[in-house]
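Student: Can you read through this structure? Questions will come right after.
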Protein chains: 2
Amino acid sequence: MNRAYYKKERFTLYLGDCLEVLRDLPENHFDMVFADPPYHLSNGGFTCHAGRRVSVNKGKWDESRGIEEDFEFHMRWLKECKRVLKPEGTIWISGTYHSIYACGFALQLVGYKILNDIIWYKPNASPNLSCRYFTASHETLIWARKSPKAKHTFNYEIMKHGTWHRDDILKKPGRQMRSVWAIDTPKAAEKKFGKHPTQKPIALLKRIILASTNEGDLILDPFTGSSTTGLAAYMYSRSFVGIDIEKEYLDLSIKRFQDIKNLERKPKLFARY
Amino acid sequence: MNRAYYKKERFTLYLGDCLEVLRDLPENHFDMVFADPPYHLSNGGFTCHAGRRVSVNKGKWDESRGIEEDFEFHMRWLKECKRVLKPEGTIWISGTYHSIYACGFALQLVGYKILNDIIWYKPNASPNLSCRYFTASHETLIWARKSPKAKHTFNYEIMKHGTWHRDDILKKPGRQMRSVWAIDTPKAAEKKFGKHPTQKPIALLKRIILASTNEGDLILDPFTGSSTTGLAAYMYSRSFVGIDIEKEYLDLSIKRFQDIKNLERKPKLFARY
DNA sequence: TATAAAGGTGAATCCGCAC
DNA sequence: AGTGCGGATTCACCTTTAT
């Protein structure tokens, strides 16, 4: 068993390759997985290597190879996550078009049942500078259940009657939560300890966790990055296990976790819903 | 060569299996393809057969078989569409989570380059009756180019400076068109000649056609249904070829096309942008 | 002290130009 | 013909200044 890189109360971090760490975790163990997998080789011509972005543009043959290799990778980690999920457990996957189609198709092939796809709309997205495309201003989240049969957690009333509409122009008060959410990308205040390229806003993870888990549940993030998932889990009295291959990001996670005590003094960030 | 089921001016319909009709069309011929492919066997437990929906629920083995068969089908029609597209041509694919991940991944494997994914948000979507999921209120559209190299058409200024904001709460006037569009589902007036299960609003197709084609361009819809694509193409002086395997839907298409003359008297439907 | 206006900064991609 | 650099593009944020 891998030794934890950091453990405090209900917040645990493992340093290492996600497939290797996952193999050592017990099966039927987690209530929910949130995963923001890396893009790898395909499409963008970049891969994440030792914390730096390295060009791997080797022409069309390699690009198509990259797509297939990405897909194999997604199949592998999705299978491992399925093993460690409880039968009634669910998984969230986030991504842009570079990765989400391979992920979503792999998810279906591995046997998960998709429950919803959710669109995170970013009202404050950056403009498109090339002026030859639409301005990318959303990410896709897929929510799926391990087993086609089991009964998943969905906190319908909290989603419906919470005060989400105060920050989300698309949520109508007292109406059902829909599949498109308007949430700003993180502002400077949320990034004060350092930057992670795909850092999610805490408001997004809070909504996900409140919707699909209960107090005391155990949540896993196999590509934890700066651990926004872990912070939201901790705030709502869930337990958390995060994995990342980059020590740099785990150190950033720890700084953010230790700062939660400061956040506690700001009631707005801890508003229940 | 298949004989056209209907042809008038720039509006042509073929009756038959889309793969067979596509095989008879010349290569490097079309400027744009819009496709709303069927779900087939997987996931929903339904298949479209002779105009009726037939249950094909045969348990898990068949479900997984269905996913793979769907994928093979998507690979086939996407390859055929690639052949008939001009090098600088683009393709739009629409779908919900049941089909869009298989389609998107097949698209990438076949060698298209994804340009954007667009979210069609439906402000007037139906509520979720089970109360165990988020309310599905969007569809996904993928926009991709045949060749990774060639230069595609994108009418940036029309998208940016058009009056879209009059009907779309997410479009800011004078700002770039973004990847999430708020457009209502078709009202009764748009369905007066009959119903098609996945009929799209004319406003959606008008935006797509104005964004990604020029006057006189040739547009193909291999699963044309009630031919909303064809109507929008005709209104904007593009040429159109539609294919469907259901005679019933082609007859509906013809009724709608012949009614365009009436629409012409209603300036609102013909507003340029 | 709060609100409003004004100016500088940064992000990603493509183009043309020089070599 | 490939490489590599600089410029252009847009819009939300952040900071500074003004009311």
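Quick note on naming: the chains in the structure tokens go A, B, ... in the order shown, residues restart at 1 in each chain, and ligands are numbered from 1 in order of appearance.
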Using only C-alpha atoms (C1' of nucleotides), find which residues of chain A lie within 10 Å of chain C and jot them down as a list in words.
Tutor: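 Per the criterion, chain A yields Ser126, Pro127, Asn128, Leu129, Ser130, Cys131 and Arg132 of chain A.
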Student: Keeping only C-alpha atoms, write the selected residues to a file as a compact mmCIF listing (two decimals), in the first residue's frame.
Tutor:
# COMPACT_ATOMS: atom_id res chain seq x y z
CA SER A 126 -11.72 34.56 -22.29
CA PRO A 127 -12.38 35.87 -25.80
CA ASN A 128 -11.34 33.98 -28.91
CA LEU A 129 -8.36 35.83 -30.27
CA SER A 130 -8.14 34.16 -33.66
CA CYS A 131 -11.70 35.23 -34.64
CA ARG A 132 -12.12 32.06 -36.66
Student: Would you mind listing what lies within 8 Å of A:Trp92 as a PyMOL selection string, with only C-alpha atoms (C1' of nucleotides) counted and same-chain residues fewer than 6 positions away left out?
Tutor: chain A and resi 32-35+141-144
Student: Would you export the selected residues with C-alpha atoms as a PDB file, in the first residue's frame, please?
Tutor:
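Dumped everything to part24.pdb:
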ATOM      1  CA  MET A  32     -18.277   9.199  -5.625  1.00  0.00           C
ATOM      2  CA  VAL A  33     -15.400   9.895  -7.994  1.00  0.00           C
ATOM      3  CA  PHE A  34     -14.680  13.278  -9.553  1.00  0.00           C
ATOM      4  CA  ALA A  35     -12.122  13.204 -12.358  1.00  0.00           C
ATOM      5  CA  LEU A 141     -19.338  17.189 -17.122  1.00  0.00           C
ATOM      6  CA  ILE A 142     -20.657  13.645 -17.406  1.00  0.00           C
ATOM      7  CA  TRP A 143     -22.386  12.088 -14.403  1.00  0.00           C
ATOM      8  CA  ALA A 144     -22.689   8.296 -14.476  1.00  0.00           C
TER       9      ALA A 144
END
Student: Starting from chain D, keep only residues with some atom at most 12 Å from an atom of chain B, counting only C-alpha atoms (C1' of nucleotides), and report them as a list in words.
Tutor: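 My answer is DT9, DT10, DC11 and DA12 of chain D.
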Student: If you keep C-alpha atoms (C1' of nucleotides), can you produce a file of those selected residues as a PDB file, in the first residue's frame?
Tutor:
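So again-v2.pdb came out as:
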ATOM      1  C1'  DT D   9      -6.992  40.187 -32.550  1.00  0.00           C
ATOM      2  C1'  DT D  10     -10.844  40.504 -28.062  1.00  0.00           C
ATOM      3  C1'  DC D  11     -12.816  40.993 -23.649  1.00  0.00           C
ATOM      4  C1'  DA D  12     -12.907  40.360 -18.653  1.00  0.00           C
TER       5       DA D  12
END
Student: Using only C-alpha atoms, find the residues of chain B whose closest atom to chain A is at most 7 Å away, then write them as number ranges by chain.
Tutor: B: 64, 97, 101-102, 104-105, 109, 115-117, 131-138, 154, 156, 176-179
Student: As a ChimeraX atom specification, please: all residues of stretch 9-206 of chain A that backbone DSSP puts in strand (DSSP E).
Tutor: /A:11-15,30-35,46-49,52-55,85-95,113-121,138-145,180-182
Student: For A:Pro222, find every residue with an atom within 12 Å (counting only C-alpha atoms (C1' of nucleotides)), except residues of its own chain fewer than 3 positions away, and show them as an MDAnalysis selection string.
Tutor: chainID A and resid 12:23 25 30 32:38 74 77:78 80:81 84 91:93 219 225:227 229:230 240:246
